[in-house]
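Student: Below is the file model.txt, which contains compact mmCIF, C-alpha atoms.
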# COMPACT_ATOMS: atom_id res chain seq x y z
CA MET B 1 -41.66 -66.06 -39.43
CA SER B 2 -39.17 -67.25 -36.89
CA PHE B 3 -36.40 -65.23 -35.20
CA GLY B 4 -33.04 -66.45 -33.99
CA GLN B 5 -32.28 -67.07 -30.30
CA GLY B 6 -31.45 -63.83 -28.43
CA GLY B 7 -31.83 -61.96 -25.16
CA PRO B 8 -35.02 -60.72 -23.59
CA PHE B 9 -35.36 -58.37 -26.58
CA ASP B 10 -34.31 -59.59 -29.98
CA GLY B 11 -31.95 -57.69 -32.24
CA PRO B 12 -32.60 -54.95 -34.75
CA GLY B 13 -35.13 -57.05 -36.54
CA GLY B 14 -37.59 -56.66 -33.66
CA GLY B 15 -39.94 -59.31 -32.20
CA THR B 16 -41.98 -60.12 -29.13
CA PRO B 17 -40.22 -59.67 -25.73
CA ASP B 18 -39.48 -62.74 -23.61
CA TRP B 19 -41.47 -61.71 -20.55
CA ASP B 20 -40.33 -64.72 -18.43
CA ALA B 21 -36.68 -63.83 -18.97
CA LEU B 22 -37.35 -60.20 -18.08
CA ALA B 23 -39.04 -61.24 -14.84
CA ASP B 24 -36.14 -63.54 -13.88
CA GLU B 25 -33.58 -60.78 -14.54
CA SER B 26 -35.58 -58.24 -12.54
CA GLU B 27 -35.80 -60.59 -9.56
CA ALA B 28 -32.03 -61.23 -9.71
CA ARG B 29 -31.33 -57.49 -9.64
CA ALA B 30 -33.63 -57.04 -6.66
CA ARG B 31 -31.84 -59.82 -4.72
CA ARG B 32 -28.44 -58.24 -5.41
CA LYS B 33 -29.71 -54.82 -4.22
CA ARG B 34 -31.06 -56.32 -0.99
CA TRP B 35 -27.78 -58.06 -0.22
CA MET B 36 -25.84 -54.84 -0.87
CA MET B 37 -28.09 -52.89 1.50
CA ILE B 38 -27.73 -55.54 4.18
CA GLY B 39 -23.95 -55.61 3.77
CA GLY B 40 -23.66 -51.79 3.86
CA GLY B 41 -25.80 -51.60 6.95
CA ALA B 42 -23.61 -54.13 8.70
CA VAL B 43 -20.47 -52.17 7.87
CA ALA B 44 -22.03 -48.93 9.10
CA THR B 45 -23.13 -50.65 12.31
CA LEU B 46 -19.62 -51.94 12.93
CA ALA B 47 -18.14 -48.48 12.30
CA ILE B 48 -20.54 -46.82 14.71
CA ALA B 49 -19.83 -49.47 17.32
CA GLY B 50 -16.12 -48.86 16.94
CA ILE B 51 -16.52 -45.11 17.40
CA VAL B 52 -18.66 -45.59 20.50
CA ALA B 53 -16.18 -48.06 21.95
CA ALA B 54 -13.29 -45.68 21.38
CA ALA B 55 -15.21 -42.86 23.02
CA VAL B 56 -15.96 -45.00 26.07
CA MET B 57 -12.35 -46.07 26.40
CA ASN B 58 -11.08 -42.46 26.21
CA SER B 59 -13.57 -41.02 28.65
CA SER B 60 -14.38 -41.78 32.22
CA SER B 61 -17.34 -39.42 32.38
CA PRO B 62 -20.61 -39.18 30.49
CA GLY B 63 -19.60 -35.84 29.02
CA GLY B 64 -16.65 -37.37 27.17
CA LYS B 65 -14.14 -34.84 28.51
CA PRO B 66 -10.49 -35.97 28.48
CA THR B 67 -9.03 -37.04 31.79
CA ASP B 68 -5.48 -37.33 33.09
CA ARG B 69 -3.68 -40.38 31.79
CA SER B 70 -0.71 -42.12 33.33
CA THR B 71 2.56 -41.99 31.44
CA ALA B 72 5.10 -44.78 31.26
CA SER B 73 6.90 -43.31 34.29
CA GLY B 74 3.71 -43.27 36.33
CA GLN B 75 3.40 -39.51 36.20
CA SER B 76 0.15 -37.86 35.20
CA ALA B 77 0.07 -36.24 31.75
CA ALA B 78 -1.54 -32.86 31.24
CA PRO B 79 -4.99 -32.71 29.66
CA ASP B 80 -5.18 -32.20 25.92
CA ASP B 81 -6.12 -28.54 26.20
CA LYS B 82 -5.97 -26.19 23.23
CA PRO B 83 -2.54 -24.58 22.78
CA SER B 84 -2.22 -21.07 24.16
CA PHE B 85 -0.48 -18.21 22.36
CA PRO B 86 1.00 -15.04 23.85
CA ASP B 87 -1.24 -12.02 23.73
CA VAL B 88 0.69 -9.70 21.43
CA SER B 89 -1.04 -6.56 20.24
CA VAL B 90 0.33 -4.64 17.25
CA PRO B 91 -0.40 -0.90 17.21
CA PRO B 92 -2.29 0.55 14.26
CA PRO B 93 -0.10 1.49 11.27
CA PRO B 94 1.49 4.94 11.50
CA ASN B 95 -0.08 7.83 9.63
CA PRO B 96 2.36 9.20 7.00
CA ARG B 97 1.08 12.73 7.58
CA ASP B 98 2.31 12.56 11.19
CA TYR B 99 5.84 12.20 9.85
CA ILE B 100 5.75 15.38 7.82
CA SER B 101 4.00 17.34 10.57
CA ASP B 102 5.96 16.55 13.73
CA PRO B 103 9.71 17.37 13.82
CA ARG B 104 10.16 14.74 16.55
CA LYS B 105 9.08 12.06 14.08
CA ASP B 106 10.33 13.67 10.88
CA THR B 107 13.95 12.71 11.43
CA ALA B 108 15.00 11.17 8.12
CA PRO B 109 17.91 12.87 6.33
CA LEU B 110 16.71 15.95 4.45
CA THR B 111 18.92 16.97 1.54
CA PRO B 112 18.35 17.67 -2.15
CA ALA B 113 19.49 14.10 -2.82
CA THR B 114 16.81 12.64 -0.52
CA LEU B 115 14.00 15.06 -1.37
CA PHE B 116 14.68 15.28 -5.12
CA PRO B 117 16.44 11.97 -5.85
CA GLN B 118 15.20 11.48 -9.42
CA LYS B 119 17.22 12.84 -12.31
CA SER B 120 14.00 13.98 -13.96
CA MET B 121 10.74 15.42 -12.72
CA VAL B 122 8.01 13.16 -14.04
CA VAL B 123 4.39 14.26 -13.66
CA GLY B 124 1.85 12.30 -15.66
CA GLU B 125 3.02 12.22 -19.26
CA HIS B 126 5.44 15.12 -18.77
CA SER B 127 9.12 14.67 -17.97
CA TYR B 128 11.70 17.40 -17.32
CA PRO B 129 15.41 16.81 -16.68
CA GLN B 130 16.88 18.12 -13.45
CA THR B 131 19.47 20.85 -14.01
CA ALA B 132 20.51 22.03 -10.54
CA THR B 133 19.82 21.58 -6.80
CA ASP B 134 20.83 23.31 -3.60
CA SER B 135 19.95 23.64 0.08
CA SER B 136 20.50 26.33 2.70
CA THR B 137 19.71 26.78 6.37
CA ASP B 138 19.66 30.51 5.63
CA CYS B 139 16.25 30.54 3.99
CA THR B 140 16.50 34.21 3.07
CA ALA B 141 19.40 33.42 0.72
CA ALA B 142 17.04 31.46 -1.52
CA ALA B 143 14.16 33.95 -1.44
CA GLN B 144 13.54 37.45 -2.71
CA GLY B 145 11.07 40.26 -2.16
CA ALA B 146 8.36 39.91 0.47
CA LEU B 147 8.95 36.17 0.85
CA VAL B 148 12.15 36.94 2.78
CA SER B 149 10.29 38.55 5.68
CA SER B 150 7.59 35.84 5.70
CA LEU B 151 10.18 33.07 5.98
CA THR B 152 12.06 34.93 8.69
CA HIS B 153 8.97 35.76 10.73
CA ASN B 154 7.78 32.15 10.74
CA GLY B 155 11.15 30.64 11.58
CA CYS B 156 12.14 28.84 8.40
CA LYS B 157 14.72 26.14 9.23
CA GLN B 158 15.87 25.09 5.78
CA LEU B 159 15.05 25.79 2.15
CA LEU B 160 15.78 23.24 -0.56
CA ARG B 161 15.56 23.98 -4.28
CA ALA B 162 15.69 22.08 -7.55
CA THR B 163 15.37 23.34 -11.14
CA TYR B 164 13.96 21.40 -14.08
CA ALA B 165 13.99 22.53 -17.72
CA LYS B 166 12.86 21.40 -21.15
CA ASP B 167 12.07 22.96 -24.53
CA GLY B 168 12.92 26.52 -23.50
CA VAL B 169 10.97 26.62 -20.23
CA ALA B 170 12.16 25.92 -16.69
CA VAL B 171 10.83 25.81 -13.14
CA THR B 172 12.56 26.12 -9.79
CA VAL B 173 10.85 24.22 -6.99
CA GLY B 174 11.52 25.31 -3.41
CA VAL B 175 10.60 23.48 -0.19
CA ALA B 176 10.86 25.33 3.14
CA VAL B 177 10.88 23.50 6.47
CA PHE B 178 9.29 24.81 9.67
CA ASP B 179 8.74 23.63 13.24
CA SER B 180 5.00 23.14 12.80
CA PRO B 181 2.24 22.96 10.19
CA ALA B 182 0.89 26.25 11.55
CA LYS B 183 4.08 28.08 10.54
CA ALA B 184 4.06 26.57 7.05
CA THR B 185 0.39 27.45 6.62
CA ALA B 186 1.07 31.02 7.72
CA VAL B 187 3.68 31.40 4.96
CA MET B 188 1.24 30.01 2.44
CA ASN B 189 -1.46 32.43 3.56
CA ASP B 190 0.93 35.35 3.26
CA SER B 191 0.74 34.80 -0.52
CA LYS B 192 4.32 35.98 -1.06
CA PRO B 193 5.78 33.20 -3.24
CA ASN B 194 8.78 35.08 -4.59
CA LEU B 195 11.28 32.20 -4.62
CA MET B 196 14.78 32.91 -5.88
CA PRO B 197 15.20 30.96 -9.17
CA LEU B 198 18.11 28.52 -9.32
CA SER B 199 20.27 28.56 -12.46
CA GLY B 200 22.74 25.99 -13.75
CA GLY B 201 22.86 23.02 -16.09
CA GLY B 202 21.84 25.06 -19.12
CA VAL B 203 19.48 27.39 -17.28
CA PRO B 204 21.02 30.89 -17.49
CA ALA B 205 21.82 33.07 -14.49
CA ASN B 206 19.19 35.62 -15.54
CA PHE B 207 16.40 33.04 -15.54
CA CYS B 208 13.25 34.77 -14.21
CA GLN B 209 15.28 37.85 -13.29
CA GLY B 210 13.64 41.08 -14.47
CA THR B 211 11.01 39.19 -16.48
CA LYS B 212 7.46 38.07 -15.81
CA CYS B 213 7.29 34.49 -14.50
CA ARG B 214 4.65 32.25 -12.96
CA MET B 215 4.84 31.78 -9.17
CA THR B 216 2.87 29.70 -6.65
CA THR B 217 2.96 28.82 -2.96
CA ASN B 218 1.32 26.04 -0.98
CA ALA B 219 1.83 23.97 2.16
CA THR B 220 1.45 20.46 3.51
CA GLY B 221 2.47 19.30 6.96
CA ARG B 222 5.30 21.45 8.26
CA TYR B 223 6.50 22.22 4.73
CA ALA B 224 5.71 25.20 2.53
CA TYR B 225 6.57 24.77 -1.14
CA PHE B 226 7.00 27.27 -3.94
CA THR B 227 7.47 27.39 -7.71
CA ILE B 228 8.76 29.98 -10.12
CA ALA B 229 8.59 29.16 -13.84
CA GLY B 230 9.30 30.94 -17.09
CA TYR B 231 11.26 31.00 -20.32
CA THR B 232 15.00 30.49 -20.32
CA ASN B 233 15.47 33.10 -23.07
CA GLY B 234 14.05 35.90 -20.93
CA GLN B 235 10.66 36.00 -22.63
CA ASP B 236 7.78 37.18 -20.43
CA VAL B 237 5.05 34.76 -19.44
CA ASN B 238 1.65 36.15 -20.36
CA ALA B 239 -1.83 35.15 -19.22
CA SER B 240 -2.50 33.01 -22.29
CA ASP B 241 0.81 31.11 -22.10
CA THR B 242 0.56 27.33 -21.84
CA LYS B 243 4.12 25.96 -21.74
CA ALA B 244 5.32 27.95 -18.73
CA GLN B 245 2.04 27.46 -16.92
CA GLN B 246 2.20 23.69 -17.49
CA ILE B 247 5.71 23.29 -16.11
CA ASN B 248 4.76 25.53 -13.19
CA ARG B 249 1.76 23.35 -12.32
CA ASP B 250 3.86 20.21 -12.71
CA GLY B 251 6.49 21.68 -10.40
CA GLY B 252 3.91 22.23 -7.66
CA SER B 253 2.49 18.72 -8.07
CA TYR B 254 5.98 17.24 -7.96
CA ALA B 255 6.94 19.13 -4.80
CA PHE B 256 3.82 17.92 -3.02
CA ALA B 257 4.42 14.33 -4.18
CA GLN B 258 8.01 14.34 -2.91
CA ILE B 259 7.00 15.64 0.52
CA ALA B 260 4.18 13.10 0.74
CA GLN B 261 6.57 10.30 -0.25
CA ARG B 262 8.89 11.37 2.56
CA GLY B 263 6.02 10.82 5.00
CA ARG B 264 5.15 7.42 3.53
CA ASP B 265 8.75 6.23 3.65
CA GLN B 266 9.16 7.13 7.31
CA ALA B 267 5.77 5.65 8.25
CA ALA B 268 6.65 2.39 6.47
CA LYS B 269 9.95 2.20 8.34
CA ALA B 270 8.17 2.79 11.66
CA ALA B 271 5.59 0.11 10.84
CA GLU B 272 8.35 -2.39 10.10
CA LYS B 273 9.96 -1.62 13.46
CA GLN B 274 6.62 -2.13 15.22
CA LEU B 275 6.27 -5.53 13.56
CA GLN B 276 9.79 -6.56 14.56
CA ASP B 277 9.18 -5.45 18.15
CA ALA B 278 5.95 -7.45 18.25
CA ARG B 279 7.74 -10.55 16.96
CA ARG B 280 10.47 -10.18 19.59
CA LYS B 281 7.84 -9.78 22.29
CA ALA B 282 6.04 -12.89 21.07
CA GLY B 283 9.29 -14.85 21.08
CA LYS B 284 9.99 -13.94 24.71
CA SER B 285 6.47 -14.80 25.91
Just give me the structure as structure tokens.

Tutor:
Amino acid sequence: MSFGQGGPFDGPGGGTPDWDALADESEARARRKRWMMIGGGAVATLAIAGIVAAAVMNSSSPGGKPTDRSTASGQSAAPDDKPSFPDVSVPPPPNPRDYISDPRKDTAPLTPATLFPQKSMVVGEHSYPQTATDSSTDCTAAAQGALVSSLTHNGCKQLLRATYAKDGVAVTVGVAVFDSPAKATAVMNDSKPNLMPLSGGGVPANFCQGTKCRMTTNATGRYAYFTIAGYTNGQDVNASDTKAQQINRDGGSYAFAQIAQRGRDQAAKAAEKQLQDARRKAGKS
């Protein structure tokens, strides 16, 4: 049986390989590979020679360090040293707590509009519309019972209040300002949280007057904060109550959050000023 003419291996029909043709093709591939290696080596040699020549031309010393070169005007050019930058140090970021603890730093406007700017008190999934706000430098006017003497004794500077109400319950939040954290802590430790409730906006004038309501006191920085919560219809709050207790807890959380935010806002403003000062200093260097 004869097969048609083909390459070193015949087609699908199969057959005996042409060993002479395979040998010739293998030798041709080997020659091409050798020439490629020789050519690549020559290129690499030329490249290395070029790099060495450039290095010799640009250096007058064995170490290869740059030397002064003459400019077109005959003057000597400065060495190619690394650029230098002014040494500008930026202070660490301000601590927000410092701005609610030190009256010299705590200088932002303090009004009901800045401390309680939201139209609703939102704590977690709970939201309560704001019904009334007020502020007084006569702290005793916004307190009752034993809290009056505690505020007076510790030098209360200002007392801000806001009331929030929903579904028949309401809470008045009060924030008192002092000269130091020690004074605010002393008021907290007195455990006399009898804040005067603030009526208005649907909350009646007799809210928490002559009825049992929930009250708390706490402090952070130079601020003491209070809550008084109960039913707007005059119903007493008992130990098993949940609605009045919930709005009372939310009022305390909200007061703390607003004071803390005041510290963060002032610290952020101070940090921005530090950055601007550092940039100006760098520009003048």

Student: With only C-alpha atoms as the basis for distance, which of B:Pro109, B:Pro204, B:Pro94, B:Pro197 is at the shortest distance from Lys269 in chain B?

Tutor: B:Pro94

Student: At what distance in Å, to one decimal, does CA of Gly234 in chain B lie from CA of Ala176 in chain B?

Tutor: 26.5 Å

Student: Mind giving me the straight-line distance from CA of Gln276 in chain B to CA of Ala260 in chain B in Å, one decimal?

Tutor: 24.7 Å

Student: How far is it from CA of Phe116 in chain B to CA of Ala143 in chain B, in Å with one decimal?

Tutor: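 Spanning CA of Phe116 in chain B to CA of Ala143 in chain B is a straight-line distance of 19.0 Å.
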
Student: Which one is closest to Val203 in chain B: B:Gly145, B:Gly221, B:Pro92, B:Gly230? Count all atoms listed in the file.

Tutor: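 Result for the nearest residue to Val203 in chain B: B:Gly230.
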
Student: With only C-alpha atoms as the counted atoms, please give the residues lying no more than 12 Å from His153 in chain B, apart from itself and same-chain residues fewer than 6 positions off, as number ranges by chain.

Tutor: B: 139-140, 146-147, 178, 183-184, 186-187, 190

Student: For a quick check of your reading of the model, name the residues lying within 12 Å of the coordinate (5.0, 19.5, 10.1), counting all atoms listed in the file, and write them as a ChimeraX atom specification.

Tutor: /B:96-107,156-157,176-185,219-224,259-260,262-263

Student: Residues near Thr163 in chain B, anyone? I mean within 8 Å using all atoms listed in the file, not counting same-chain ones fewer than 3 positions away, as number ranges by chain.

Tutor: B: 130-133, 170-173, 197-199

Student: For Gln235 in chain B, which residue out of B:Ser135, B:Gln261, B:Ser253, B:Asn206 is the nearest one, using all atoms listed in the file?

Tutor: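 For Gln235 in chain B, the nearest of the given residues is B:Asn206.
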
Student: Return the single residue from B:Met188, B:Val169, B:Ala270, B:Ala113 that is closest to Asn248 in chain B, with distances computed using all atoms listed in the file.

Tutor: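 Checking each of B:Met188, B:Val169, B:Ala270, B:Ala113 against Asn248 in chain B, counting all atoms listed in the file, the winner is B:Val169.
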
Student: Considering only C-alpha atoms, return as a PyMOL selection string whatever protein or nucleic-acid residues lie within 12 Å of Ala239 in chain B, sequence-local ones (same chain, fewer than 3 positions apart) excluded.

Tutor: chain B and resi 212-214+236+242-245

Student: For each of B:Ser240, B:Thr232, B:Gln144, B:Thr217, take the minimum atom-to-atom distance to Gly174 in chain B, counting all atoms listed in the file, then give the residue where this is smallest.

Tutor: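 For Gly174 in chain B, the nearest of the candidates is B:Thr217.
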
Student: Please determine, counting only C-alpha atoms, which residue among B:Ala165, B:Leu110, B:Ala282, B:Met196 has the shortest atom-to-atom distance to His126 in chain B.

Tutor: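 Looking only at the distances to His126 in chain B, the closest residue turns out to be B:Ala165.
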
Student: Give the centre and edge lengths of an axis-aligned box, in Å to one decimal, that holds all listed atoms of range 189-197 of chain B with 6 Å on each side, as JSON.

Tutor:
{"center_x": 6.9, "center_y": 33.5, "center_z": -2.8, "size_x": 28.7, "size_y": 17.0, "size_z": 24.7}

Student: Hey, could you make a per-residue contact list for range 98-140 of chain B against range 249-252 of chain B with 12 Å as the cut-off, showing the nearest pair of atoms and its distance in Å to one decimal, counting all atoms listed in the file, sorted by chain and number, as JSON lines?

Tutor:
{"residue": "B:Phe116", "atom": "CA", "partner": "B:Gly251", "partner_atom": "CA", "distance": 11.7}
{"residue": "B:Ser120", "atom": "CA", "partner": "B:Gly251", "partner_atom": "CA", "distance": 11.3}
{"residue": "B:Met121", "atom": "CA", "partner": "B:Gly251", "partner_atom": "CA", "distance": 7.9}
{"residue": "B:Val122", "atom": "CA", "partner": "B:Asp250", "partner_atom": "CA", "distance": 8.3}
{"residue": "B:Val123", "atom": "CA", "partner": "B:Asp250", "partner_atom": "CA", "distance": 6.0}
{"residue": "B:Gly124", "atom": "CA", "partner": "B:Asp250", "partner_atom": "CA", "distance": 8.7}
{"residue": "B:Glu125", "atom": "CA", "partner": "B:Asp250", "partner_atom": "CA", "distance": 10.4}
{"residue": "B:His126", "atom": "CA", "partner": "B:Asp250", "partner_atom": "CA", "distance": 8.1}
{"residue": "B:Ser127", "atom": "CA", "partner": "B:Asp250", "partner_atom": "CA", "distance": 9.3}
{"residue": "B:Tyr128", "atom": "CA", "partner": "B:Asp250", "partner_atom": "CA", "distance": 9.5}
{"residue": "B:Pro129", "atom": "CA", "partner": "B:Gly251", "partner_atom": "CA", "distance": 11.9}
{"residue": "B:Gln130", "atom": "CA", "partner": "B:Gly251", "partner_atom": "CA", "distance": 11.4}

Student: Could range 242-253 of chain B be completed with all heavy atoms and written as a PDB file, keeping the file's coordinate frame, please?

Tutor:
ATOM      1  N   THR B 242       0.860  28.693 -22.261  1.00  0.00           N
ATOM      2  CA  THR B 242       0.560  27.330 -21.840  1.00  0.00           C
ATOM      3  C   THR B 242       1.793  26.552 -21.386  1.00  0.00           C
ATOM      4  O   THR B 242       1.731  25.803 -20.407  1.00  0.00           O
ATOM      5  CB  THR B 242      -0.125  26.545 -22.975  1.00  0.00           C
ATOM      6  OG1 THR B 242       0.717  26.565 -24.146  1.00  0.00           O
ATOM      7  CG2 THR B 242      -1.476  27.154 -23.310  1.00  0.00           C
ATOM      8  N   LYS B 243       2.917  26.733 -22.072  1.00  0.00           N
ATOM      9  CA  LYS B 243       4.120  25.960 -21.740  1.00  0.00           C
ATOM     10  C   LYS B 243       4.635  26.278 -20.343  1.00  0.00           C
ATOM     11  O   LYS B 243       4.897  25.378 -19.532  1.00  0.00           O
ATOM     12  CB  LYS B 243       5.219  26.210 -22.772  1.00  0.00           C
ATOM     13  CG  LYS B 243       4.966  25.560 -24.131  1.00  0.00           C
ATOM     14  CD  LYS B 243       6.099  25.831 -25.095  1.00  0.00           C
ATOM     15  CE  LYS B 243       7.397  25.206 -24.629  1.00  0.00           C
ATOM     16  NZ  LYS B 243       8.500  25.384 -25.615  1.00  0.00           N
ATOM     17  N   ALA B 244       4.800  27.569 -20.045  1.00  0.00           N
ATOM     18  CA  ALA B 244       5.320  27.950 -18.730  1.00  0.00           C
ATOM     19  C   ALA B 244       4.325  27.614 -17.626  1.00  0.00           C
ATOM     20  O   ALA B 244       4.709  27.202 -16.527  1.00  0.00           O
ATOM     21  CB  ALA B 244       5.657  29.440 -18.710  1.00  0.00           C
ATOM     22  N   GLN B 245       3.049  27.795 -17.927  1.00  0.00           N
ATOM     23  CA  GLN B 245       2.040  27.460 -16.920  1.00  0.00           C
ATOM     24  C   GLN B 245       2.013  25.965 -16.644  1.00  0.00           C
ATOM     25  O   GLN B 245       1.822  25.537 -15.504  1.00  0.00           O
ATOM     26  CB  GLN B 245       0.666  27.947 -17.390  1.00  0.00           C
ATOM     27  CG  GLN B 245       0.518  29.467 -17.389  1.00  0.00           C
ATOM     28  CD  GLN B 245      -0.926  29.904 -17.642  1.00  0.00           C
ATOM     29  OE1 GLN B 245      -1.851  29.214 -17.251  1.00  0.00           O
ATOM     30  NE2 GLN B 245      -1.084  31.038 -18.290  1.00  0.00           N
ATOM     31  N   GLN B 246       2.212  25.145 -17.684  1.00  0.00           N
ATOM     32  CA  GLN B 246       2.200  23.690 -17.490  1.00  0.00           C
ATOM     33  C   GLN B 246       3.361  23.235 -16.619  1.00  0.00           C
ATOM     34  O   GLN B 246       3.170  22.461 -15.674  1.00  0.00           O
ATOM     35  CB  GLN B 246       2.261  22.987 -18.840  1.00  0.00           C
ATOM     36  CG  GLN B 246       2.188  21.462 -18.737  1.00  0.00           C
ATOM     37  CD  GLN B 246       0.860  20.990 -18.192  1.00  0.00           C
ATOM     38  OE1 GLN B 246      -0.179  21.260 -18.781  1.00  0.00           O
ATOM     39  NE2 GLN B 246       0.885  20.294 -17.061  1.00  0.00           N
ATOM     40  N   ILE B 247       4.570  23.717 -16.903  1.00  0.00           N
ATOM     41  CA  ILE B 247       5.710  23.290 -16.110  1.00  0.00           C
ATOM     42  C   ILE B 247       5.614  23.839 -14.688  1.00  0.00           C
ATOM     43  O   ILE B 247       6.073  23.222 -13.726  1.00  0.00           O
ATOM     44  CB  ILE B 247       7.049  23.699 -16.770  1.00  0.00           C
ATOM     45  CG1 ILE B 247       8.222  22.925 -16.132  1.00  0.00           C
ATOM     46  CG2 ILE B 247       7.278  25.197 -16.694  1.00  0.00           C
ATOM     47  CD1 ILE B 247       9.541  23.137 -16.840  1.00  0.00           C
ATOM     48  N   ASN B 248       4.963  24.976 -14.525  1.00  0.00           N
ATOM     49  CA  ASN B 248       4.760  25.530 -13.190  1.00  0.00           C
ATOM     50  C   ASN B 248       3.805  24.662 -12.376  1.00  0.00           C
ATOM     51  O   ASN B 248       4.073  24.351 -11.204  1.00  0.00           O
ATOM     52  CB  ASN B 248       4.220  26.954 -13.295  1.00  0.00           C
ATOM     53  CG  ASN B 248       4.264  27.691 -11.970  1.00  0.00           C
ATOM     54  OD1 ASN B 248       5.326  27.812 -11.355  1.00  0.00           O
ATOM     55  ND2 ASN B 248       3.121  28.181 -11.519  1.00  0.00           N
ATOM     56  N   ARG B 249       2.698  24.249 -13.009  1.00  0.00           N
ATOM     57  CA  ARG B 249       1.760  23.350 -12.320  1.00  0.00           C
ATOM     58  C   ARG B 249       2.422  22.011 -11.998  1.00  0.00           C
ATOM     59  O   ARG B 249       2.237  21.463 -10.902  1.00  0.00           O
ATOM     60  CB  ARG B 249       0.519  23.116 -13.186  1.00  0.00           C
ATOM     61  CG  ARG B 249      -0.453  24.289 -13.222  1.00  0.00           C
ATOM     62  CD  ARG B 249      -1.784  23.864 -13.815  1.00  0.00           C
ATOM     63  NE  ARG B 249      -1.642  23.403 -15.187  1.00  0.00           N
ATOM     64  CZ  ARG B 249      -1.777  24.195 -16.255  1.00  0.00           C
ATOM     65  NH1 ARG B 249      -2.023  25.479 -16.105  1.00  0.00           N
ATOM     66  NH2 ARG B 249      -1.661  23.694 -17.474  1.00  0.00           N
ATOM     67  N   ASP B 250       3.176  21.490 -12.951  1.00  0.00           N
ATOM     68  CA  ASP B 250       3.860  20.210 -12.710  1.00  0.00           C
ATOM     69  C   ASP B 250       4.868  20.329 -11.577  1.00  0.00           C
ATOM     70  O   ASP B 250       5.031  19.391 -10.785  1.00  0.00           O
ATOM     71  CB  ASP B 250       4.553  19.744 -13.988  1.00  0.00           C
ATOM     72  CG  ASP B 250       3.561  19.284 -15.051  1.00  0.00           C
ATOM     73  OD1 ASP B 250       2.392  19.034 -14.714  1.00  0.00           O
ATOM     74  OD2 ASP B 250       3.964  19.200 -16.232  1.00  0.00           O
ATOM     75  N   GLY B 251       5.535  21.475 -11.489  1.00  0.00           N
ATOM     76  CA  GLY B 251       6.490  21.680 -10.400  1.00  0.00           C
ATOM     77  C   GLY B 251       5.817  21.638  -9.041  1.00  0.00           C
ATOM     78  O   GLY B 251       6.335  21.033  -8.086  1.00  0.00           O
ATOM     79  N   GLY B 252       4.645  22.271  -8.921  1.00  0.00           N
ATOM     80  CA  GLY B 252       3.910  22.230  -7.660  1.00  0.00           C
ATOM     81  C   GLY B 252       3.444  20.829  -7.312  1.00  0.00           C
ATOM     82  O   GLY B 252       3.540  20.395  -6.155  1.00  0.00           O
ATOM     83  N   SER B 253       2.941  20.099  -8.302  1.00  0.00           N
ATOM     84  CA  SER B 253       2.490  18.720  -8.070  1.00  0.00           C
ATOM     85  C   SER B 253       3.653  17.833  -7.638  1.00  0.00           C
ATOM     86  O   SER B 253       3.516  16.976  -6.754  1.00  0.00           O
ATOM     87  CB  SER B 253       1.851  18.154  -9.341  1.00  0.00           C
ATOM     88  OG  SER B 253       0.711  18.892  -9.707  1.00  0.00           O
TER      89      SER B 253
END
